[in-house]
file run.txt (compact mmCIF, C-alpha atoms and all ligand atoms)
# COMPACT_ATOMS: atom_id res chain seq x y z
CA MET B 156 -6.91 28.52 -108.28
CA ILE B 157 -6.96 30.60 -111.49
CA ILE B 158 -4.60 29.50 -114.27
CA GLY B 159 -3.63 32.30 -116.64
CA VAL B 160 -2.49 31.67 -120.20
CA PRO B 161 -0.84 34.77 -121.71
CA THR B 162 -0.09 35.05 -125.42
CA GLU B 163 3.46 33.97 -126.29
CA THR B 164 5.52 37.03 -127.22
CA PHE B 165 8.81 35.62 -128.56
CA PRO B 166 8.99 36.89 -132.16
CA GLY B 167 7.51 34.30 -134.51
CA GLU B 168 6.40 31.96 -131.71
CA ARG B 169 3.14 30.25 -132.69
CA ARG B 170 2.56 27.85 -129.82
CA VAL B 171 0.23 28.39 -126.87
CA ALA B 172 0.76 26.83 -123.44
CA LEU B 173 -2.75 25.43 -123.05
CA VAL B 174 -5.17 24.05 -125.65
CA PRO B 175 -8.95 23.92 -125.25
CA ALA B 176 -9.11 20.10 -125.00
CA VAL B 177 -7.07 20.19 -121.78
CA VAL B 178 -9.21 22.87 -120.04
CA PRO B 179 -11.82 20.39 -118.68
CA ASN B 180 -9.10 18.35 -116.87
CA LEU B 181 -8.07 21.47 -114.98
CA VAL B 182 -11.63 22.61 -114.32
CA LYS B 183 -12.45 19.16 -112.94
CA ALA B 184 -9.58 19.60 -110.48
CA GLY B 185 -11.13 22.83 -109.18
CA CYS B 186 -9.15 25.31 -111.32
CA GLU B 187 -10.43 28.17 -113.46
CA VAL B 188 -8.72 28.98 -116.74
CA LEU B 189 -8.24 32.54 -118.02
CA VAL B 190 -6.79 32.88 -121.52
CA GLN B 191 -5.50 36.11 -123.04
CA GLN B 192 -7.54 37.12 -126.07
CA CYS B 193 -6.23 35.48 -129.27
CA ALA B 194 -3.51 33.53 -127.37
CA GLY B 195 -4.29 30.35 -129.31
CA ASP B 196 -4.97 31.89 -132.73
CA ALA B 197 -1.56 31.12 -134.27
CA ALA B 198 -1.82 27.48 -133.17
CA GLY B 199 -5.35 27.04 -134.56
CA PHE B 200 -7.30 27.48 -131.32
CA PRO B 201 -9.60 30.53 -131.44
CA ASP B 202 -11.02 32.06 -128.24
CA SER B 203 -14.45 30.49 -128.85
CA PHE B 204 -12.92 26.97 -128.55
CA TYR B 205 -11.57 27.81 -125.09
CA VAL B 206 -14.88 29.30 -124.00
CA GLY B 207 -16.65 26.19 -125.30
CA LYS B 208 -14.51 24.10 -122.95
CA GLY B 209 -15.19 26.26 -119.90
CA ALA B 210 -12.39 28.86 -119.96
CA ARG B 211 -12.77 32.63 -119.74
CA VAL B 212 -11.05 35.11 -122.04
CA ALA B 213 -9.26 38.25 -120.79
CA ALA B 214 -8.85 41.28 -123.02
CA THR B 215 -5.32 42.15 -121.88
CA ARG B 216 -2.08 40.56 -120.73
CA HIS B 217 -2.24 42.70 -117.57
CA GLU B 218 -5.59 41.23 -116.67
CA VAL B 219 -4.26 37.68 -117.07
CA PHE B 220 -1.25 38.33 -114.85
CA LYS B 221 -3.34 40.27 -112.30
CA SER B 222 -6.03 37.62 -111.91
CA ALA B 223 -3.98 34.44 -112.21
CA ASP B 224 -2.62 32.42 -109.30
CA ALA B 225 -0.55 30.40 -111.76
CA LEU B 226 0.74 31.26 -115.23
CA PHE B 227 1.33 28.75 -118.01
CA GLN B 228 3.84 29.87 -120.63
CA VAL B 229 5.74 28.14 -123.41
CA LEU B 230 8.78 30.43 -123.43
CA GLY B 231 9.11 32.35 -120.18
CA HIS B 232 11.84 34.83 -119.25
CA GLY B 233 15.19 33.17 -119.95
CA ALA B 234 13.91 30.91 -122.73
CA ASN B 235 12.41 34.02 -124.31
CA ASP B 236 15.53 36.17 -124.45
CA ARG B 237 13.87 38.83 -126.59
CA THR B 238 10.69 39.95 -124.82
CA GLY B 239 10.51 37.70 -121.74
CA ARG B 240 11.87 40.40 -119.45
CA ASP B 241 8.79 42.57 -120.12
CA ASP B 242 6.71 40.17 -118.00
CA LEU B 243 8.83 40.57 -114.86
CA PRO B 244 6.99 43.67 -113.55
CA LEU B 245 3.70 41.79 -114.00
CA LEU B 246 4.68 38.91 -111.68
CA ARG B 247 3.94 39.08 -107.97
CA PRO B 248 5.07 37.24 -104.83
CA GLY B 249 3.58 33.77 -104.44
CA GLN B 250 2.38 33.62 -108.05
CA VAL B 251 3.27 30.35 -109.77
CA LEU B 252 5.04 30.38 -113.12
CA VAL B 253 5.43 27.23 -115.22
CA GLY B 254 7.24 27.10 -118.56
CA PHE B 255 10.51 26.72 -120.41
CA LEU B 256 12.87 29.14 -118.62
CA ARG B 257 16.24 27.86 -119.93
CA PRO B 258 17.62 28.27 -116.37
CA LEU B 259 21.11 27.01 -117.19
CA GLY B 260 21.43 29.23 -120.27
CA ASP B 261 21.97 32.50 -118.45
CA PRO B 262 21.16 31.76 -114.78
CA ARG B 263 21.01 35.49 -114.02
CA THR B 264 17.54 35.47 -115.60
CA VAL B 265 16.47 33.09 -112.82
CA VAL B 266 17.70 35.63 -110.25
CA GLU B 267 15.50 38.22 -111.96
CA ILE B 268 12.48 35.93 -111.68
CA ALA B 269 13.32 35.18 -108.03
CA ARG B 270 13.29 38.93 -107.24
CA THR B 271 9.61 39.12 -108.23
CA GLY B 272 8.79 36.62 -105.46
CA ALA B 273 7.21 34.21 -107.95
CA ILE B 274 7.36 30.44 -107.46
CA ALA B 275 8.84 29.34 -110.78
CA PHE B 276 9.14 25.88 -112.29
CA ALA B 277 11.39 25.23 -115.30
CA VAL B 278 9.93 22.35 -117.28
CA GLU B 279 13.22 21.53 -119.00
CA LEU B 280 14.49 20.29 -115.63
CA MET B 281 11.83 17.57 -115.45
CA PRO B 282 13.54 14.38 -114.26
CA ARG B 283 13.52 11.63 -116.87
CA ILE B 284 11.83 9.06 -114.69
CA THR B 285 8.90 6.85 -115.62
CA ARG B 286 6.56 8.73 -113.27
CA ALA B 287 7.29 12.02 -115.05
CA GLN B 288 6.98 10.77 -118.63
CA SER B 289 3.57 12.37 -119.13
CA MET B 290 5.08 15.71 -117.99
CA ASP B 291 8.19 15.62 -120.18
CA ALA B 292 7.78 18.70 -122.38
CA LEU B 293 11.38 18.54 -123.59
CA SER B 294 10.72 15.12 -125.13
CA SER B 295 7.47 16.33 -126.69
CA MET B 296 9.17 19.28 -128.37
CA ALA B 297 12.13 17.12 -129.43
CA THR B 298 9.69 14.69 -131.07
CA VAL B 299 8.12 17.50 -133.10
CA ALA B 300 11.54 18.96 -134.01
CA GLY B 301 12.93 15.60 -135.16
CA TYR B 302 9.96 15.11 -137.48
CA LYS B 303 10.10 18.64 -138.86
CA ALA B 304 13.86 18.51 -139.44
CA VAL B 305 13.40 15.73 -141.99
CA VAL B 306 10.42 17.42 -143.63
CA LEU B 307 12.53 20.59 -144.03
CA ALA B 308 15.40 18.61 -145.54
CA ALA B 309 13.03 16.84 -147.96
CA GLN B 310 11.62 20.18 -149.06
CA ILE B 311 15.04 21.59 -149.93
CA LEU B 312 16.77 18.48 -151.27
CA PRO B 313 16.83 18.57 -155.10
CA ARG B 314 16.23 14.81 -155.10
CA MET B 315 13.43 12.56 -153.87
CA PHE B 316 13.60 10.36 -150.77
CA PRO B 317 12.05 7.08 -151.99
CA MET B 318 13.48 4.66 -154.49
CA LEU B 319 11.26 4.68 -157.56
CA THR B 320 11.28 2.30 -160.48
CA THR B 321 9.45 4.06 -163.29
CA ALA B 322 9.19 3.94 -167.08
CA ALA B 323 11.53 6.96 -167.01
CA GLY B 324 14.20 5.05 -165.16
CA THR B 325 15.12 4.16 -161.62
CA ILE B 326 15.51 6.80 -158.92
CA PRO B 327 17.84 5.72 -156.12
CA PRO B 328 16.71 6.41 -152.54
CA ALA B 329 18.14 9.33 -150.59
CA LYS B 330 20.81 8.42 -148.03
CA VAL B 331 20.05 9.95 -144.66
CA LEU B 332 22.37 10.04 -141.66
CA VAL B 333 21.15 11.02 -138.21
CA ILE B 334 23.88 11.85 -135.68
CA GLY B 335 22.60 11.64 -132.11
CA ALA B 336 19.82 9.12 -131.57
CA GLY B 337 18.02 10.64 -128.57
CA VAL B 338 14.36 11.65 -128.72
CA SER B 339 14.63 14.02 -131.71
CA GLY B 340 17.12 11.80 -133.56
CA LEU B 341 14.91 8.73 -133.27
CA GLN B 342 11.92 10.69 -134.56
CA ALA B 343 14.05 11.98 -137.45
CA ILE B 344 15.04 8.39 -138.27
CA ALA B 345 11.42 7.22 -138.18
CA THR B 346 10.29 10.11 -140.40
CA ALA B 347 13.09 9.62 -142.95
CA ARG B 348 12.24 5.91 -143.12
CA ARG B 349 8.57 6.70 -143.73
CA LEU B 350 9.58 8.96 -146.62
CA GLY B 351 11.52 6.08 -148.12
CA GLY B 352 15.11 7.11 -147.40
CA VAL B 353 17.90 4.67 -146.63
CA VAL B 354 18.68 5.71 -143.09
CA SER B 355 21.67 5.34 -140.79
CA GLY B 356 21.88 6.46 -137.20
CA TYR B 357 24.79 7.03 -134.89
CA ASP B 358 25.13 7.81 -131.22
CA ILE B 359 27.87 7.79 -128.66
CA ARG B 360 25.66 5.86 -126.20
CA PRO B 361 25.76 2.10 -126.86
CA ALA B 362 22.11 1.78 -125.73
CA ALA B 363 21.03 3.73 -128.82
CA LYS B 364 22.09 0.94 -131.18
CA GLU B 365 19.07 -1.25 -130.52
CA GLN B 366 16.67 1.71 -130.74
CA VAL B 367 18.10 2.78 -134.11
CA GLN B 368 17.87 -0.75 -135.45
CA SER B 369 14.33 -1.23 -134.16
CA LEU B 370 13.29 1.64 -136.46
CA GLY B 371 14.71 -0.19 -139.46
CA ALA B 372 17.82 1.97 -139.77
CA ARG B 373 21.44 0.87 -139.88
CA PHE B 374 23.51 1.70 -136.81
CA VAL B 375 26.86 3.24 -137.69
CA GLU B 376 29.51 1.42 -135.67
CA LEU B 377 32.71 3.35 -135.11
CA PRO B 378 35.81 1.65 -133.70
CA LEU B 379 35.79 4.14 -130.88
CA ALA B 380 34.63 3.60 -127.32
CA ALA B 381 33.57 6.61 -125.31
CA ALA B 382 34.64 6.65 -121.70
CA ASP B 383 31.51 6.48 -119.58
CA ALA B 384 29.28 7.48 -122.50
CA GLU B 385 26.07 7.78 -120.50
CA ASP B 386 25.31 9.42 -117.15
CA ARG B 387 22.79 8.04 -114.67
CA ARG B 388 20.02 10.20 -116.16
CA GLY B 389 20.55 8.68 -119.62
CA TYR B 390 22.29 11.75 -121.09
CA ALA B 391 25.58 11.63 -122.99
CA ARG B 392 28.69 12.67 -121.08
CA ALA B 393 31.12 15.23 -122.50
CA GLN B 394 34.27 13.72 -124.06
CA ASP B 395 37.65 15.36 -124.57
CA GLU B 396 38.74 17.04 -127.81
CA THR B 397 40.94 14.06 -128.78
CA PHE B 398 37.84 11.88 -128.75
CA TYR B 399 35.84 14.33 -130.88
CA ALA B 400 38.74 14.65 -133.36
CA ARG B 401 38.84 10.88 -133.77
CA GLN B 402 35.06 10.82 -134.07
CA ARG B 403 35.17 13.37 -136.91
CA GLU B 404 37.80 11.34 -138.68
CA LEU B 405 35.72 8.18 -138.49
CA LEU B 406 32.43 9.88 -139.35
CA ALA B 407 33.85 11.58 -142.47
CA ARG B 408 33.16 8.71 -144.86
CA VAL B 409 29.54 8.21 -143.89
CA VAL B 410 28.83 11.97 -143.80
CA THR B 411 30.28 12.53 -147.27
CA GLU B 412 28.16 9.71 -148.71
CA SER B 413 24.92 11.18 -147.34
CA ASP B 414 22.34 13.32 -149.12
CA VAL B 415 20.82 14.45 -145.82
CA VAL B 416 22.47 14.73 -142.42
CA VAL B 417 20.39 15.57 -139.35
CA THR B 418 22.54 16.39 -136.34
CA THR B 419 21.18 16.37 -132.78
CA ALA B 420 24.27 15.61 -130.66
CA VAL B 421 24.29 17.59 -127.42
CA VAL B 422 25.62 17.18 -123.92
CA PRO B 423 23.71 18.90 -121.07
CA GLY B 424 25.22 22.22 -120.04
CA GLN B 425 27.94 22.13 -122.73
CA ARG B 426 28.51 23.62 -126.14
CA ALA B 427 27.56 21.04 -128.80
CA PRO B 428 30.56 19.12 -130.21
CA VAL B 429 31.56 19.90 -133.81
CA LEU B 430 31.19 16.58 -135.63
CA VAL B 431 30.76 17.72 -139.25
CA THR B 432 33.62 19.85 -140.58
CA ALA B 433 33.74 22.26 -143.52
CA ASP B 434 35.88 19.70 -145.40
CA MET B 435 33.22 17.02 -144.98
CA VAL B 436 30.56 19.45 -146.23
CA ALA B 437 32.67 20.21 -149.30
CA ALA B 438 32.86 16.48 -150.10
CA MET B 439 29.08 15.86 -149.84
CA PRO B 440 27.00 15.40 -153.01
CA TRP B 441 25.86 18.66 -154.63
CA GLY B 442 22.46 19.71 -153.24
CA SER B 443 22.83 17.82 -149.95
CA VAL B 444 21.17 19.21 -146.86
CA ILE B 445 22.31 19.37 -143.24
CA VAL B 446 19.70 20.21 -140.60
CA ASP B 447 21.47 21.09 -137.37
CA LEU B 448 19.18 20.59 -134.39
CA ALA B 449 22.09 21.41 -132.09
CA ALA B 450 22.30 24.95 -133.56
CA GLU B 451 20.95 26.59 -130.41
CA ARG B 452 23.89 25.11 -128.51
CA GLY B 453 26.54 26.17 -131.03
CA GLY B 454 25.84 23.51 -133.68
CA ASN B 455 27.32 20.13 -134.68
CA CYS B 456 28.42 21.44 -138.07
CA GLU B 457 31.38 23.78 -138.34
CA LEU B 458 29.49 25.92 -140.89
CA THR B 459 26.23 26.30 -138.91
CA ARG B 460 25.24 29.90 -138.26
CA PRO B 461 22.69 30.47 -135.47
CA ALA B 462 20.10 32.45 -137.40
CA GLU B 463 20.94 31.99 -141.03
CA THR B 464 20.77 29.19 -143.59
CA VAL B 465 24.18 28.80 -145.22
CA VAL B 466 24.84 27.34 -148.67
CA ALA B 467 28.42 26.11 -149.07
CA ARG B 468 29.60 24.34 -152.24
CA GLY B 469 25.97 23.52 -153.06
CA VAL B 470 25.23 22.08 -149.60
CA THR B 471 22.50 23.78 -147.56
CA ILE B 472 23.07 23.98 -143.79
CA ILE B 473 19.96 24.85 -141.83
CA PRO B 474 20.17 25.93 -138.17
CA ALA B 475 17.07 24.34 -136.68
CA VAL B 476 16.10 26.74 -133.92
CA ASN B 477 12.70 26.52 -132.22
CA LEU B 478 11.40 24.08 -134.86
CA ALA B 479 8.53 22.92 -132.64
CA SER B 480 6.96 26.35 -133.06
CA THR B 481 6.56 25.67 -136.79
CA VAL B 482 4.18 22.77 -136.02
CA PRO B 483 2.14 24.80 -133.50
CA THR B 484 -1.08 22.80 -133.29
CA HIS B 485 0.41 19.49 -132.29
CA ALA B 486 3.33 21.04 -130.41
CA SER B 487 0.83 23.05 -128.29
CA GLN B 488 -1.38 20.01 -127.80
CA MET B 489 1.54 17.93 -126.50
CA TYR B 490 2.93 20.77 -124.40
CA ALA B 491 -0.47 21.51 -122.84
CA LYS B 492 -0.93 17.85 -121.86
CA ASN B 493 2.54 17.79 -120.29
CA LEU B 494 1.89 21.03 -118.39
CA ALA B 495 -1.53 19.98 -117.13
CA ALA B 496 -0.18 16.63 -115.92
CA PHE B 497 2.63 18.44 -114.12
CA PHE B 498 0.38 21.07 -112.60
CA LEU B 499 -2.16 18.54 -111.38
CA HIS B 500 0.74 16.74 -109.72
CA LEU B 501 1.62 19.96 -107.85
CA VAL B 502 -1.89 20.94 -106.82
CA LYS B 503 -3.90 19.23 -104.08
CA ASP B 504 -7.47 20.31 -103.19
CA GLY B 505 -7.22 23.47 -105.26
CA ALA B 506 -3.98 24.71 -103.67
CA LEU B 507 -0.30 24.43 -104.51
CA ARG B 508 1.44 21.78 -102.41
CA LEU B 509 5.20 22.10 -102.44
CA ASP B 510 6.45 18.71 -101.38
CA LEU B 511 10.21 18.93 -101.67
CA GLY B 512 10.48 15.25 -100.81
CA ASP B 513 9.03 14.64 -104.26
CA GLU B 514 11.68 14.40 -106.98
CA ILE B 515 9.50 15.96 -109.67
CA THR B 516 8.76 19.05 -107.57
CA ARG B 517 12.28 19.40 -106.22
CA GLU B 518 14.02 19.05 -109.59
CA THR B 519 11.85 21.59 -111.43
CA LEU B 520 11.41 24.28 -108.76
CA VAL B 521 13.84 27.12 -109.47
CA THR B 522 12.65 30.09 -107.40
CA ARG B 523 10.72 30.55 -104.18
CA ASP B 524 10.40 33.25 -101.47
CA GLY B 525 12.54 35.67 -103.46
CA GLU B 526 15.45 33.24 -103.87
CA VAL B 527 16.94 30.89 -106.42
CA VAL B 528 16.46 27.50 -104.76
CA HIS B 529 17.65 24.95 -107.34
CA PRO B 530 21.08 23.56 -106.32
CA ARG B 531 22.49 23.34 -109.88
CA ILE B 532 21.46 26.91 -110.69
CA ARG B 533 22.80 28.20 -107.39
CA GLU B 534 26.08 26.48 -108.21
CA ALA B 535 26.15 28.05 -111.68
CA LEU B 536 25.61 31.44 -110.04
CA GLY B 537 28.38 30.85 -107.51
CA LEU B 538 25.89 30.93 -104.63
CA PRO B 539 26.33 28.72 -101.56
CA ALA B 540 24.14 25.63 -101.31
CA LYS B 541 20.85 26.29 -99.48
CA GLY B 542 21.08 25.43 -95.84
CA GLY B 543 24.83 25.04 -96.27
N1 LIG A 1 11.29 9.52 -119.26
C1 LIG A 1 12.36 8.93 -119.72
O1 LIG A 1 12.77 7.91 -119.23
C2 LIG A 1 13.10 9.57 -120.85
C3 LIG A 1 12.52 10.60 -121.55
C4 LIG A 1 13.22 11.20 -122.59
C5 LIG A 1 14.50 10.77 -122.90
N2 LIG A 1 15.04 9.76 -122.20
C6 LIG A 1 16.40 9.31 -122.50
O2 LIG A 1 17.29 10.36 -122.21
C7 LIG A 1 18.42 10.27 -123.06
C8 LIG A 1 18.75 11.59 -123.69
O3 LIG A 1 17.76 11.91 -124.67
P1 LIG A 1 17.68 13.34 -125.34
O4 LIG A 1 16.98 13.18 -126.61
O5 LIG A 1 17.15 14.34 -124.38
O6 LIG A 1 19.19 13.64 -125.61
P2 LIG A 1 19.92 15.01 -125.87
O7 LIG A 1 19.01 15.95 -126.56
O8 LIG A 1 20.59 15.44 -124.62
O9 LIG A 1 21.07 14.54 -126.91
C9 LIG A 1 20.75 14.02 -128.16
C10 LIG A 1 21.57 12.80 -128.44
O10 LIG A 1 22.90 13.18 -128.80
C11 LIG A 1 23.76 12.15 -128.36
N3 LIG A 1 25.17 12.61 -128.36
C12 LIG A 1 25.79 13.46 -127.51
N4 LIG A 1 27.09 13.61 -127.85
C13 LIG A 1 27.29 12.85 -128.97
C14 LIG A 1 28.42 12.60 -129.79
N5 LIG A 1 29.60 13.16 -129.55
N6 LIG A 1 28.26 11.77 -130.83
C15 LIG A 1 27.06 11.19 -131.09
N7 LIG A 1 25.96 11.39 -130.34
C16 LIG A 1 26.07 12.22 -129.28
C17 LIG A 1 23.20 11.79 -127.00
O11 LIG A 1 23.66 10.52 -126.58
C18 LIG A 1 21.71 11.83 -127.27
O12 LIG A 1 21.21 10.56 -127.66
C19 LIG A 1 18.12 9.14 -124.01
O13 LIG A 1 18.71 7.99 -123.46
C20 LIG A 1 16.62 9.02 -123.95
O14 LIG A 1 16.16 7.73 -124.30
C21 LIG A 1 14.38 9.15 -121.17
call {"tool": "encode", "arguments": {"input": "run.txt", "output": "structure tokens"}}
result
Amino acid sequence: MIIGVPTETFPGERRVALVPAVVPNLVKAGCEVLVQQCAGDAAGFPDSFYVGKGARVAATRHEVFKSADALFQVLGHGANDRTGRDDLPLLRPGQVLVGFLRPLGDPRTVVEIARTGAIAFAVELMPRITRAQSMDALSSMATVAGYKAVVLAAQILPRMFPMLTTAAGTIPPAKVLVIGAGVSGLQAIATARRLGGVVSGYDIRPAAKEQVQSLGARFVELPLAAADAEDRRGYARAQDETFYARQRELLARVVTESDVVVTTAVVPGQRAPVLVTADMVAAMPWGSVIVDLAAERGGNCELTRPAETVVARGVTIIPAVNLASTVPTHASQMYAKNLAAFFLHLVKDGALRLDLGDEITRETLVTRDGEVVHPRIREALGLPAKGG
């Protein structure tokens, strides 16, 4: 089984899907690894490191696709909406593709992958079960993004984070609010605490309270109970507009007292709710910073623009898109470990074993034998259920 690692082609992407340290695990399992020349350069992994760990290097992308039985990508077609389509003619029937494919973004991209005959797995569909924790690439990237969001805010904020008592006077600590205490939000809270900020966290899911408090942050309690806040997978459920309006009203005071607001509130398959309005932004202290990690899904701040930092009344609003790519060494290391764990779960005795009785395989498999096979994606496409 030859695993091919092509260079990522999304503009500005610096991650690579496999790092040298993970190559021996795959070789031990009977796989060969073929890396496109310079694929790891932008993440700090030159070709010689891969060769030193037992991989081979291919001069061209064509060669990687031609030789590989399975391809590891970070952003595959769908998740890479700029250049991902260029890889479609290089895929062939039966070839395995593993990567972020954003299958519920525009599901027609999954149809395009299906037409190549490839067997594609979308890692963002990994079930959040204990058994799959080591394969959870979404959590890995959210961890990196939560950390980097706070570092970005600290860089732009015209004030310092920690409280300092100096001969030149006392500097008060920065007030940081994190809205949405999932994986990225909790990492943002931990990072802001380490920098010395006074941190508050808020989430619609009651279970988040204890996690926020265990990081030494204050949990913002709103006199507002969400109906059925959490689904069985642990994700937030969408609420109606009346609920969000009330939420904005109640959040206004804490937002306008904050120097930094990191927003991460999303609901699977939905546009992100607007929780920070233009009026709230106008009432924040001059120089405050909002980092909107929900920007890719429309943003939690009314003033967020998808590809542009906005400054409004002295407040900087940063759309945090693809932040994990800006910490490419560790993001690639975590991603590669997740992918290798997943792939080794799929492969038995050097061959792919598609056991659809296994939840991990079933939930991540999106295309096979020329068809879209994932029930949720078929539904999004208006296709009948398989076998139905
Ligand atoms: N293997 C595992 O068991 C595993 C792995 C990762 C995450 N999880 C759990 O999955 C859940 C989702 O995590 P995630 O980081 O992917 O979440 P996410 O990225 O889907 O959402 C981020 C956060 O925003 C919150 N949110 C949504 N709407 C909101 C609103 N209107 N106001 C305030 N907050 C709002 C969500 O509750 C969530 O905590 C969490 O419970 C997490 O602990 C479990």
call {"tool": "closest_residue", "arguments": {"input": "run.txt", "among": "B:Gly442, B:Arg348, B:Gly337, B:Val482", "to": "ligand LIG 1 (chain A)", "atoms": "only C-alpha atoms and all ligand atoms"}}
result
B:Gly337
call {"tool": "residues_near_ligand", "arguments": {"input": "run.txt", "ligand": "ligand LIG 1 (chain A)", "cutoff": "9 Å", "atoms": "only C-alpha atoms and all ligand atoms", "output": "number ranges by chain"}}
result
B: 281-291, 293-295, 297-298, 334-341, 357-363, 366, 381, 384-385, 388-394, 398-399, 402, 418-423, 427-430, 449, 455
call {"tool": "atom_distance", "arguments": {"input": "run.txt", "atom1": "atom CA of B:Gly512", "atom2": "atom CA of B:Asn180"}}
result
25.5 Å
call {"tool": "residues_around", "arguments": {"input": "run.txt", "residues": "B:Met435", "least_positions_apart": "6", "cutoff": "7 Å", "atoms": "all atoms listed in the file", "output": "VMD selection string"}}
result
chain B and resid 407 410 to 411
call {"tool": "closest_residue", "arguments": {"input": "run.txt", "among": "B:Phe227, B:Ala486, B:Glu404, B:Pro327", "to": "B:Tyr302", "atoms": "all atoms listed in the file"}}
result
B:Ala486
call {"tool": "closest_residue", "arguments": {"input": "run.txt", "among": "B:Val527, B:Ile532, B:Leu448, B:Val521", "to": "B:Arg270", "atoms": "only C-alpha atoms"}}
result
B:Val527
call {"tool": "residues_around", "arguments": {"input": "run.txt", "residues": "B:Arg426", "least_positions_apart": "6", "cutoff": "9 Å", "atoms": "only C-alpha atoms", "output": "ChimeraX atom specification"}}
result
/B:452-454
call {"tool": "build_atoms", "arguments": {"input": "run.txt", "residues": "stretch 271-276 of chain B", "atoms": "all heavy atoms", "output": "PDB file, keeping the file's coordinate frame"}}
result
ATOM      1  N   THR B 271      11.040  38.776-108.178  1.00  0.00           N
ATOM      2  CA  THR B 271       9.610  39.120-108.230  1.00  0.00           C
ATOM      3  C   THR B 271       8.842  38.404-107.122  1.00  0.00           C
ATOM      4  O   THR B 271       7.686  38.717-106.866  1.00  0.00           O
ATOM      5  CB  THR B 271       8.977  38.701-109.580  1.00  0.00           C
ATOM      6  OG1 THR B 271       8.944  37.266-109.646  1.00  0.00           O
ATOM      7  CG2 THR B 271       9.744  39.253-110.771  1.00  0.00           C
ATOM      8  N   GLY B 272       9.468  37.396-106.512  1.00  0.00           N
ATOM      9  CA  GLY B 272       8.790  36.620-105.460  1.00  0.00           C
ATOM     10  C   GLY B 272       7.975  35.463-106.022  1.00  0.00           C
ATOM     11  O   GLY B 272       7.318  34.730-105.281  1.00  0.00           O
ATOM     12  N   ALA B 273       8.009  35.288-107.344  1.00  0.00           N
ATOM     13  CA  ALA B 273       7.210  34.210-107.950  1.00  0.00           C
ATOM     14  C   ALA B 273       7.809  32.835-107.619  1.00  0.00           C
ATOM     15  O   ALA B 273       9.004  32.710-107.341  1.00  0.00           O
ATOM     16  CB  ALA B 273       7.177  34.399-109.468  1.00  0.00           C
ATOM     17  N   ILE B 274       6.936  31.832-107.648  1.00  0.00           N
ATOM     18  CA  ILE B 274       7.360  30.440-107.460  1.00  0.00           C
ATOM     19  C   ILE B 274       7.457  29.842-108.860  1.00  0.00           C
ATOM     20  O   ILE B 274       6.435  29.577-109.505  1.00  0.00           O
ATOM     21  CB  ILE B 274       6.317  29.662-106.622  1.00  0.00           C
ATOM     22  CG1 ILE B 274       6.118  30.339-105.267  1.00  0.00           C
ATOM     23  CG2 ILE B 274       6.727  28.207-106.461  1.00  0.00           C
ATOM     24  CD1 ILE B 274       4.909  29.817-104.489  1.00  0.00           C
ATOM     25  N   ALA B 275       8.694  29.718-109.369  1.00  0.00           N
ATOM     26  CA  ALA B 275       8.840  29.340-110.780  1.00  0.00           C
ATOM     27  C   ALA B 275       9.320  27.910-110.953  1.00  0.00           C
ATOM     28  O   ALA B 275      10.192  27.434-110.214  1.00  0.00           O
ATOM     29  CB  ALA B 275       9.824  30.302-111.460  1.00  0.00           C
ATOM     30  N   PHE B 276       8.747  27.245-111.935  1.00  0.00           N
ATOM     31  CA  PHE B 276       9.140  25.880-112.290  1.00  0.00           C
ATOM     32  C   PHE B 276       9.638  25.880-113.738  1.00  0.00           C
ATOM     33  O   PHE B 276       8.933  26.360-114.624  1.00  0.00           O
ATOM     34  CB  PHE B 276       7.939  24.926-112.194  1.00  0.00           C
ATOM     35  CG  PHE B 276       7.419  24.750-110.802  1.00  0.00           C
ATOM     36  CD1 PHE B 276       6.427  25.586-110.302  1.00  0.00           C
ATOM     37  CD2 PHE B 276       7.922  23.749-109.990  1.00  0.00           C
ATOM     38  CE1 PHE B 276       5.944  25.430-109.008  1.00  0.00           C
ATOM     39  CE2 PHE B 276       7.442  23.578-108.688  1.00  0.00           C
ATOM     40  CZ  PHE B 276       6.458  24.420-108.203  1.00  0.00           C
TER      41      PHE B 276
END
